[in-house]
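See structure below.
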Amino acid sequence: MSKDLHQRRPVHAPRGVVATAQPLAASAGLAVLRRGGNAIDAAIATAAALTVLQPGSNDIGSDLFALVWDGSQLHGLNASGRSPALLTRDLVIERAPAARAASALGGAQAVAARVMPARGWLPVTVPGAPAGWRDLHGRFGSLPFADLFDDAVAYAERGYGVSPTVAHHWDRAVEVVQAGLTGEEFTEWSRVFTLGGRAPRAGERFSNPDAASTLRSIAATGGESFYRGEIAEALVAYAERTGGLLREADLAGHTSLWVEPLSVGYRGHEVWELPPNGQGIAALQALGILDGFSAGGEDDLHRQIEAVKLGFADAHAYIGDPSLVVHPPHLLDADYLAERRGRIGPDAAEHPPGDPARGGTVYLCTADADGRMVSLIQSNYMGFGSHVVVPGTGFSLQNRGAGFALAEGHPNEVGPGRRPFHTIIPGFLTRDGAAVGPFGVMGGHMQPQGHVQVVRSTVDDLLDPQAALDRPRWYWHTGLDVHLEPGLAGAADDLRRRGHQVRIVDEQGAFGYGQAIWRTPSGYVAGSEPRADGMAAGY
């Protein structure tokens with residue numbers, strides 16, 4: 001953690017709690033709990049509010065993934081969208097022959113010879129968040145769906161004071177990203193998301209009446225208008241006019257997927273992630289590898305970094321759209337993890353993928369008085385996504401298609417009707433089949449690394465969720481490149497002797513933003529990211 005950050009105290013709540021990186025969004029979820037809504041209702045209300053309050057990290061045009069504990073069992077939802085039917089590799093190369101790797105990419109993705117463009121229409125995939133909200137509510141919700149949007153609509157229509165961390169990243173989006181974009185498809189973004197050409201300052205009031213109208217429509221139609229109604233029509237008309245590829249059939253054909261979560265054992269606990277097309281398997285592999293080592297000791301940090309590198313090597317080699325790619329089924333088998341563990345020596349290394357047997361983002365978590373819990377992550381990917389805003393809608397479309405690979409034959413190769421590799425991953429922890437609670441750390445390539453660090457702090461060092469989030473973090477980028485927060489500077493010399501190329505980085509956003517809620521005999525204990533503006537709010 002940066003030397004300028006102050007540690008927080010955990011929040012203990014007997015009946016329910018919401019944790020996320022923006023305090024007004026946490027309050028929106030808490031209000032739903034206090035009105036008699038359950039954890040799923042609270043998660044939807046929080047997620048909708050975050051699209052307004054933290055639009056650089058997520059928006060109505062985002063994707064969503066969730067893990068839901070219903071009181072006795074864990075369920076997984078993949079609400080990511082597919083690429084347009086008109087998107088092909090040849091078209092991408094023709095339109096964007098020299099795209100550069102974005103900073104959000106890491107590992108093998110960051111050093112690919114050719115990458116997808118990050119802005120404009122080419123990386124836009126069908127947004128899955130509105131359908132995800134609807135599907136979560138349809139299976140688990142209790143309050144009327146439309147009632148869950150009250151706070152989100154009010155903040156969009158009447159305005160709110162922008163929080164400091166959000167303002168910081170918003171300014172960068174205006175000065176660095178938007179300033180370099182040309183084309184008709186980018187003009188509406190400046191009208192909606194700037195105040196006279198600049199980003200809103202911390203504490204300055206910002207409103208988005210077009211987003212309020214869009215949210216009202218989604219609330220009233222259960223998301224139908226987004227995929228088959230007035231919003232869909234506006235999206236397609238603007239795409240056709242400005243060079244976009246989205247068409248009516250792409251939107252109307254969108255569906256979420258209910259999936260079986262994956263788990264790995266870690267020191268008497270079970271750590272849960274969603275299966276591909278997300279990168280949660282990288283975190284599970286890393287923890288499964290580390291489970292074979294004793295905790296602590298002089299090799300501990302080095303081993304964590306190497307285990308994460310091994311997990312990413314396989315994730316970047318094998319993950320693709322689950323409906324089109326048969327993923328190796330044995331990536332989490334004990335024998336395979338033992339073989340991968342054996343690759344970790346005393347020095348830093350660059351690890352190739354193994355050969356198993358074949359067969360911008362927001363995070364929130366909620367819990368209610370009946371033991372239901374939600375781990376939910378929602379993202380438009382890089383800051384403000386594609387920077388494409390359809391006039392009259394008030395939201396930016398995601399650029400999740402930037403996660404596709406352009407290498408021919410790769411499992412994640414760009415193509416029509418495909419779900420791309422996703423960085424966003426919700427996590428959940430159980431012990432002997434009983435819920436411990438939801439957790440997550442947003443931040444692109446940082447996310448599996450953050451999951452490993454939070455789980456180890458919780459299980460190995462018995463820290464409460466706030467103390468686990470307060471700890472200084474490390475981040476592996478690619479090759480031998482490792483970043484440390486100032487609080488870990490004392491470990492730098494040893495890592496360098498082992499061959500790691502270490503940099504001390506005092507940039508809070510570089511190490512992700514996390515939230516966590518653990519079940520206790522008296523209710524819940526929760527923590528919220530000290531590097532961001534948010535909070536855990538309970539009752």
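In the structure tokens, the first chain shown is A, the next is B, and so on; residue numbers restart at 1 for each chain, and ligands run from 1 in the order shown.
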Report task. Do a neighbour search on Leu50 in chain A at 8 Å with only C-alpha atoms, toss out local chain neighbours closer than 3 positions, and write the hits as a list in words. Result -> Gln22, Ala25, Thr46, Ala47, Leu53, Gln54, Pro55, Asn58, Asp59, Ala152 and Val362 of chain A
Print the selection's residues with all heavy atoms to a file, as an mmCIF file, in the first residue's frame.
```cif
data_model
loop_
_atom_site.group_PDB
_atom_site.id
_atom_site.type_symbol
_atom_site.label_atom_id
_atom_site.label_comp_id
_atom_site.auth_asym_id
_atom_site.auth_seq_id
_atom_site.Cartn_x
_atom_site.Cartn_y
_atom_site.Cartn_z
ATOM 1 N N GLN A 22 -17.383 2.884 -4.546
ATOM 2 C CA GLN A 22 -17.981 4.220 -4.589
ATOM 3 C C GLN A 22 -19.044 4.287 -3.493
ATOM 4 O O GLN A 22 -19.977 3.484 -3.465
ATOM 5 C CB GLN A 22 -18.596 4.477 -5.969
ATOM 6 C CG GLN A 22 -18.561 5.914 -6.448
ATOM 7 C CD GLN A 22 -19.531 6.820 -5.686
ATOM 8 O OE1 GLN A 22 -20.498 6.365 -5.078
ATOM 9 N NE2 GLN A 22 -19.282 8.121 -5.736
ATOM 10 N N ALA A 25 -22.882 4.347 -4.231
ATOM 11 C CA ALA A 25 -23.362 3.072 -4.762
ATOM 12 C C ALA A 25 -23.570 2.061 -3.639
ATOM 13 O O ALA A 25 -24.548 1.302 -3.642
ATOM 14 C CB ALA A 25 -22.390 2.528 -5.802
ATOM 15 N N THR A 46 -26.805 -1.735 -6.603
ATOM 16 C CA THR A 46 -25.452 -1.197 -6.520
ATOM 17 C C THR A 46 -24.815 -1.139 -7.900
ATOM 18 O O THR A 46 -24.191 -0.135 -8.273
ATOM 19 C CB THR A 46 -24.597 -2.060 -5.585
ATOM 20 O OG1 THR A 46 -25.229 -2.156 -4.302
ATOM 21 C CG2 THR A 46 -23.204 -1.471 -5.410
ATOM 22 N N ALA A 47 -24.976 -2.210 -8.666
ATOM 23 C CA ALA A 47 -24.388 -2.260 -10.008
ATOM 24 C C ALA A 47 -24.971 -1.181 -10.910
ATOM 25 O O ALA A 47 -24.245 -0.517 -11.663
ATOM 26 C CB ALA A 47 -24.610 -3.642 -10.622
ATOM 27 N N LEU A 53 -22.232 6.487 -11.281
ATOM 28 C CA LEU A 53 -21.302 7.109 -10.337
ATOM 29 C C LEU A 53 -19.837 6.849 -10.664
ATOM 30 O O LEU A 53 -18.959 7.585 -10.211
ATOM 31 C CB LEU A 53 -21.603 6.601 -8.927
ATOM 32 C CG LEU A 53 -23.005 6.920 -8.407
ATOM 33 C CD1 LEU A 53 -23.337 6.056 -7.192
ATOM 34 C CD2 LEU A 53 -23.136 8.393 -8.059
ATOM 35 N N GLN A 54 -19.558 5.823 -11.436
ATOM 36 C CA GLN A 54 -18.180 5.477 -11.785
ATOM 37 C C GLN A 54 -18.119 5.073 -13.258
ATOM 38 O O GLN A 54 -17.692 3.972 -13.608
ATOM 39 C CB GLN A 54 -17.694 4.331 -10.876
ATOM 40 C CG GLN A 54 -16.191 4.237 -10.746
ATOM 41 C CD GLN A 54 -15.768 3.218 -9.685
ATOM 42 O OE1 GLN A 54 -16.551 2.842 -8.810
ATOM 43 N NE2 GLN A 54 -14.535 2.785 -9.747
ATOM 44 N N PRO A 55 -18.511 5.984 -14.167
ATOM 45 C CA PRO A 55 -18.701 5.592 -15.566
ATOM 46 C C PRO A 55 -17.416 5.266 -16.310
ATOM 47 O O PRO A 55 -17.472 4.616 -17.356
ATOM 48 C CB PRO A 55 -19.384 6.817 -16.169
ATOM 49 C CG PRO A 55 -18.925 7.963 -15.327
ATOM 50 C CD PRO A 55 -18.824 7.401 -13.936
ATOM 51 N N ASN A 58 -17.122 1.333 -15.527
ATOM 52 C CA ASN A 58 -18.225 0.482 -15.974
ATOM 53 C C ASN A 58 -19.330 1.395 -16.469
ATOM 54 O O ASN A 58 -19.334 2.591 -16.207
ATOM 55 C CB ASN A 58 -18.718 -0.426 -14.855
ATOM 56 C CG ASN A 58 -19.647 0.264 -13.862
ATOM 57 O OD1 ASN A 58 -20.708 -0.247 -13.524
ATOM 58 N ND2 ASN A 58 -19.275 1.444 -13.385
ATOM 59 N N ASP A 59 -20.269 0.841 -17.195
ATOM 60 C CA ASP A 59 -21.383 1.641 -17.691
ATOM 61 C C ASP A 59 -22.502 0.690 -18.079
ATOM 62 O O ASP A 59 -22.358 -0.542 -17.987
ATOM 63 C CB ASP A 59 -20.947 2.514 -18.877
ATOM 64 C CG ASP A 59 -21.718 3.837 -18.946
ATOM 65 O OD1 ASP A 59 -22.896 3.859 -18.554
ATOM 66 O OD2 ASP A 59 -21.137 4.840 -19.404
ATOM 67 N N ALA A 152 -30.044 4.895 -8.921
ATOM 68 C CA ALA A 152 -29.250 5.101 -10.137
ATOM 69 C C ALA A 152 -29.884 6.178 -11.012
ATOM 70 O O ALA A 152 -29.193 7.084 -11.510
ATOM 71 C CB ALA A 152 -29.131 3.790 -10.911
ATOM 72 N N VAL A 362 -15.601 -2.469 -12.165
ATOM 73 C CA VAL A 362 -16.019 -2.261 -10.779
ATOM 74 C C VAL A 362 -16.361 -3.614 -10.178
ATOM 75 O O VAL A 362 -16.845 -4.520 -10.867
ATOM 76 C CB VAL A 362 -17.233 -1.318 -10.651
ATOM 77 C CG1 VAL A 362 -16.856 0.103 -11.077
ATOM 78 C CG2 VAL A 362 -18.443 -1.809 -11.428
#
```
Requested in this report: For range 204-211 of chain A, list every protein, DNA or RNA residue within 8 Å, evaluated using only C-alpha atoms, and leave out those in the same chain fewer than 3 positions away; present the list as a ChimeraX atom specification.
Outcome: /A:52,153,155-162,192,200-201,214-215,392-395
Query - Nearest to Pro97 in chain A by atom-to-atom distance, counting only C-alpha atoms, from A:His254, A:Arg114, A:His330, A:Arg82 - result: A:Arg114
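Using only C-alpha atoms, the shortest contact distance between Leu284 in chain A and any of A:Ala28, A:Ile344, A:Val455, A:Ala489 is found at A:Val455.
Of the listed residues (A:Pro472, A:Gly443, A:Trp121, A:Leu488), A:Trp121 comes nearest to Arg241 in chain A; the distances count only C-alpha atoms.
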Do you have, as a Markdown table, the list of residues of range 215-247 of chain A lying at most 9 Å from range 122-130 of chain A, each with its nearest atom pair and that distance in Å to one decimal, counting only C-alpha atoms and ordered by chain then number?
```
| residue | atom | partner | partner_atom | distance |
| --- | --- | --- | --- | --- |
| A:Ile218 | CA | A:Pro130 | CA | 7.2 |
| A:Gly222 | CA | A:Pro130 | CA | 8.3 |
| A:Gly223 | CA | A:Pro130 | CA | 5.6 |
| A:Glu224 | CA | A:Pro130 | CA | 8.8 |
| A:Phe226 | CA | A:Pro130 | CA | 7.4 |
| A:Tyr227 | CA | A:Pro130 | CA | 9.0 |
| A:Gly243 | CA | A:Leu122 | CA | 9.0 |
| A:Gly244 | CA | A:Leu122 | CA | 7.1 |
| A:Leu245 | CA | A:Leu122 | CA | 7.5 |
| A:Leu246 | CA | A:Val126 | CA | 7.6 |
```
Can you write out the residues you just picked, keeping C-alpha atoms, as a JSON list (two decimals), in the first residue's frame?
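Result file follows (selection24.json):
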```json
[["chain", "number", "residue", "atom", "x", "y", "z"],
["A", 218, "ILE", "CA", -34.32, -0.96, -18.88],
["A", 222, "GLY", "CA", -36.81, -5.84, -17.82],
["A", 223, "GLY", "CA", -33.97, -5.06, -20.22],
["A", 224, "GLU", "CA", -36.03, -5.92, -23.30],
["A", 226, "PHE", "CA", -31.93, -2.75, -24.75],
["A", 227, "TYR", "CA", -31.87, -5.85, -26.95],
["A", 243, "GLY", "CA", -18.90, 2.35, -39.31],
["A", 244, "GLY", "CA", -19.94, 0.06, -36.47],
["A", 245, "LEU", "CA", -20.68, -3.65, -36.87],
["A", 246, "LEU", "CA", -23.53, -4.22, -34.39]]
```
**Report entry** Which residue of A:Ala173, A:Ala526, A:Leu397, A:Leu64 approaches Ala367 in chain A most closely, using only C-alpha atoms
**Finding:**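 Closest to Ala367 in chain A, using only C-alpha atoms: A:Ala526.
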Within 12 Å of Arg139 in chain A, counting only C-alpha atoms, which residues show up once you throw out same-chain ones fewer than 6 positions away? Write them as a JSON list (two decimals) with N, CA and C atoms, in the first residue's frame, please.
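Done, and the output landed in around36.json:
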```
[["chain", "number", "residue", "atom", "x", "y", "z"],
["A", 40, "ILE", "N", -29.23, -10.25, -3.63],
["A", 40, "ILE", "CA", -29.24, -10.14, -5.10],
["A", 40, "ILE", "C", -29.86, -8.82, -5.51],
["A", 41, "ASP", "N", -30.96, -8.44, -4.90],
["A", 41, "ASP", "CA", -31.55, -7.13, -5.17],
["A", 41, "ASP", "C", -30.54, -6.01, -4.90],
["A", 68, "VAL", "N", -23.27, -16.33, -7.01],
["A", 68, "VAL", "CA", -24.36, -16.13, -6.05],
["A", 68, "VAL", "C", -24.43, -17.32, -5.10],
["A", 70, "ASP", "N", -26.78, -18.96, -2.57],
["A", 70, "ASP", "CA", -28.20, -18.86, -2.26],
["A", 70, "ASP", "C", -28.54, -19.24, -0.82],
["A", 75, "HIS", "N", -23.85, -20.49, -7.33],
["A", 75, "HIS", "CA", -24.27, -20.45, -8.73],
["A", 75, "HIS", "C", -23.42, -19.43, -9.47],
["A", 76, "GLY", "N", -23.16, -19.68, -10.76],
["A", 76, "GLY", "CA", -22.34, -18.77, -11.55],
["A", 76, "GLY", "C", -23.10, -18.22, -12.75],
["A", 77, "LEU", "N", -22.94, -16.92, -13.01],
["A", 77, "LEU", "CA", -23.55, -16.29, -14.16],
["A", 77, "LEU", "C", -22.48, -15.63, -15.02],
["A", 132, "GLY", "N", -27.75, -9.35, -17.67],
["A", 132, "GLY", "CA", -27.28, -9.96, -16.43],
["A", 132, "GLY", "C", -28.09, -9.52, -15.23],
["A", 133, "TRP", "N", -28.40, -8.23, -15.15],
["A", 133, "TRP", "CA", -29.26, -7.74, -14.06],
["A", 133, "TRP", "C", -30.62, -8.46, -14.09],
["A", 145, "PHE", "N", -38.28, -5.55, -9.98],
["A", 145, "PHE", "CA", -37.07, -5.20, -10.72],
["A", 145, "PHE", "C", -36.94, -3.68, -10.89],
["A", 258, "TRP", "N", -25.77, -19.52, -17.44],
["A", 258, "TRP", "CA", -25.59, -20.01, -16.07],
["A", 258, "TRP", "C", -24.56, -21.14, -16.13]]
```
Skipping near chain neighbours, those fewer than 4 positions away, what residues fall within 9 Å of Trp272 in chain A using only C-alpha atoms, listed as a CSV table (one decimal) with all heavy atoms, in the first residue's frame?
```
chain,number,residue,atom,x,y,z
A,67,LEU,N,-21.1,-14.5,-9.0
A,67,LEU,CA,-21.2,-15.8,-8.2
A,67,LEU,C,-22.3,-15.5,-7.1
A,67,LEU,O,-22.2,-14.5,-6.4
A,67,LEU,CB,-19.9,-16.2,-7.5
A,67,LEU,CG,-18.8,-16.7,-8.5
A,67,LEU,CD1,-17.5,-16.7,-7.8
A,67,LEU,CD2,-19.2,-18.1,-8.9
A,74,LEU,N,-23.6,-22.5,-4.5
A,74,LEU,CA,-23.0,-21.5,-5.3
A,74,LEU,C,-23.4,-21.6,-6.7
A,74,LEU,O,-23.4,-22.7,-7.3
A,74,LEU,CB,-21.5,-21.5,-5.2
A,74,LEU,CG,-20.7,-20.3,-5.6
A,74,LEU,CD1,-21.1,-19.1,-4.7
A,74,LEU,CD2,-19.2,-20.5,-5.5
A,261,PRO,N,-19.4,-23.1,-11.3
A,261,PRO,CA,-18.2,-22.5,-10.8
A,261,PRO,C,-17.1,-23.6,-10.7
A,261,PRO,O,-17.4,-24.8,-10.5
A,261,PRO,CB,-18.5,-21.9,-9.5
A,261,PRO,CG,-20.0,-21.7,-9.5
A,261,PRO,CD,-20.5,-22.8,-10.3
A,262,LEU,N,-15.8,-23.2,-10.8
A,262,LEU,CA,-14.7,-24.0,-10.6
A,262,LEU,C,-14.0,-23.7,-9.3
A,262,LEU,O,-14.1,-22.6,-8.8
A,262,LEU,CB,-13.6,-23.8,-11.7
A,262,LEU,CG,-14.0,-24.0,-13.2
A,262,LEU,CD1,-12.9,-23.5,-14.1
A,262,LEU,CD2,-14.4,-25.4,-13.4
A,263,SER,N,-13.4,-24.7,-8.7
A,263,SER,CA,-12.7,-24.5,-7.4
A,263,SER,C,-11.4,-25.3,-7.3
A,263,SER,O,-11.2,-26.2,-8.1
A,263,SER,CB,-13.6,-24.9,-6.2
A,263,SER,OG,-13.8,-26.3,-6.2
A,264,VAL,N,-10.6,-24.8,-6.4
A,264,VAL,CA,-9.3,-25.5,-6.0
A,264,VAL,C,-9.2,-25.4,-4.5
A,264,VAL,O,-9.6,-24.5,-3.9
A,264,VAL,CB,-8.1,-24.9,-6.8
A,264,VAL,CG1,-7.8,-23.5,-6.2
A,264,VAL,CG2,-6.9,-25.8,-6.7
A,280,GLY,N,-10.3,-16.5,-14.3
A,280,GLY,CA,-10.3,-17.0,-13.0
A,280,GLY,C,-9.4,-18.2,-12.8
A,280,GLY,O,-8.9,-18.4,-11.7
A,284,LEU,N,-6.8,-19.8,-9.7
A,284,LEU,CA,-7.0,-21.1,-9.1
A,284,LEU,C,-5.7,-21.9,-9.3
A,284,LEU,O,-5.3,-22.6,-8.4
A,284,LEU,CB,-8.2,-21.8,-9.7
A,284,LEU,CG,-9.6,-21.2,-9.5
A,284,LEU,CD1,-10.6,-22.0,-10.1
A,284,LEU,CD2,-9.8,-21.1,-8.0
A,426,PRO,N,-15.2,-12.5,-10.5
A,426,PRO,CA,-15.6,-12.5,-9.1
A,426,PRO,C,-15.1,-13.8,-8.4
A,426,PRO,O,-15.0,-14.8,-9.0
A,426,PRO,CB,-17.2,-12.6,-9.2
A,426,PRO,CG,-17.4,-13.4,-10.5
A,426,PRO,CD,-16.3,-13.0,-11.4
A,427,GLY,N,-14.8,-13.6,-7.1
A,427,GLY,CA,-14.3,-14.7,-6.4
A,427,GLY,C,-15.2,-15.1,-5.2
A,427,GLY,O,-16.0,-14.2,-4.7
A,428,PHE,N,-15.1,-16.3,-4.7
A,428,PHE,CA,-15.8,-16.7,-3.5
A,428,PHE,C,-15.0,-17.7,-2.7
A,428,PHE,O,-14.3,-18.5,-3.3
A,428,PHE,CB,-17.2,-17.3,-3.9
A,428,PHE,CG,-18.2,-17.3,-2.8
A,428,PHE,CD1,-19.1,-16.2,-2.7
A,428,PHE,CD2,-18.3,-18.3,-1.9
A,428,PHE,CE1,-20.1,-16.1,-1.7
A,428,PHE,CE2,-19.3,-18.2,-0.9
A,428,PHE,CZ,-20.2,-17.2,-0.8
A,429,LEU,N,-15.1,-17.7,-1.4
A,429,LEU,CA,-14.3,-18.6,-0.5
A,429,LEU,C,-15.3,-19.4,0.3
A,429,LEU,O,-16.2,-18.9,0.9
A,429,LEU,CB,-13.4,-17.7,0.4
A,429,LEU,CG,-12.4,-18.5,1.2
A,429,LEU,CD1,-11.4,-19.2,0.3
A,429,LEU,CD2,-11.6,-17.5,2.1
A,430,THR,N,-15.1,-20.7,0.4
A,430,THR,CA,-15.8,-21.6,1.3
A,430,THR,C,-14.8,-22.4,2.1
A,430,THR,O,-13.7,-22.5,1.8
A,430,THR,CB,-16.8,-22.5,0.5
A,430,THR,OG1,-16.0,-23.4,-0.3
A,430,THR,CG2,-17.8,-21.8,-0.3
```
Requested in this report: Identify, on the basis of only C-alpha atoms, every residue whose closest approach to range 289-302 of chain A does not exceed 7 Å; exclude the query and any residue fewer than 6 positions from it along the same chain; express the result as a PyMOL selection string.
Outcome: chain A and resi 266-267+337-338+341+460+495
Selected residues, C-alpha atoms, written as a compact mmCIF listing (two decimals), in the first residue's frame, please.
```txt
# COMPACT_ATOMS: atom_id res chain seq x y z
CA TYR A 266 -6.17 -24.14 -0.55
CA ARG A 267 -5.14 -25.04 3.01
CA LEU A 337 -0.38 -28.65 -10.61
CA ALA A 338 2.46 -30.63 -9.03
CA ARG A 341 4.95 -26.44 -9.14
CA ASP A 460 -2.45 -18.06 5.82
CA LEU A 495 13.75 -10.29 -5.77
```
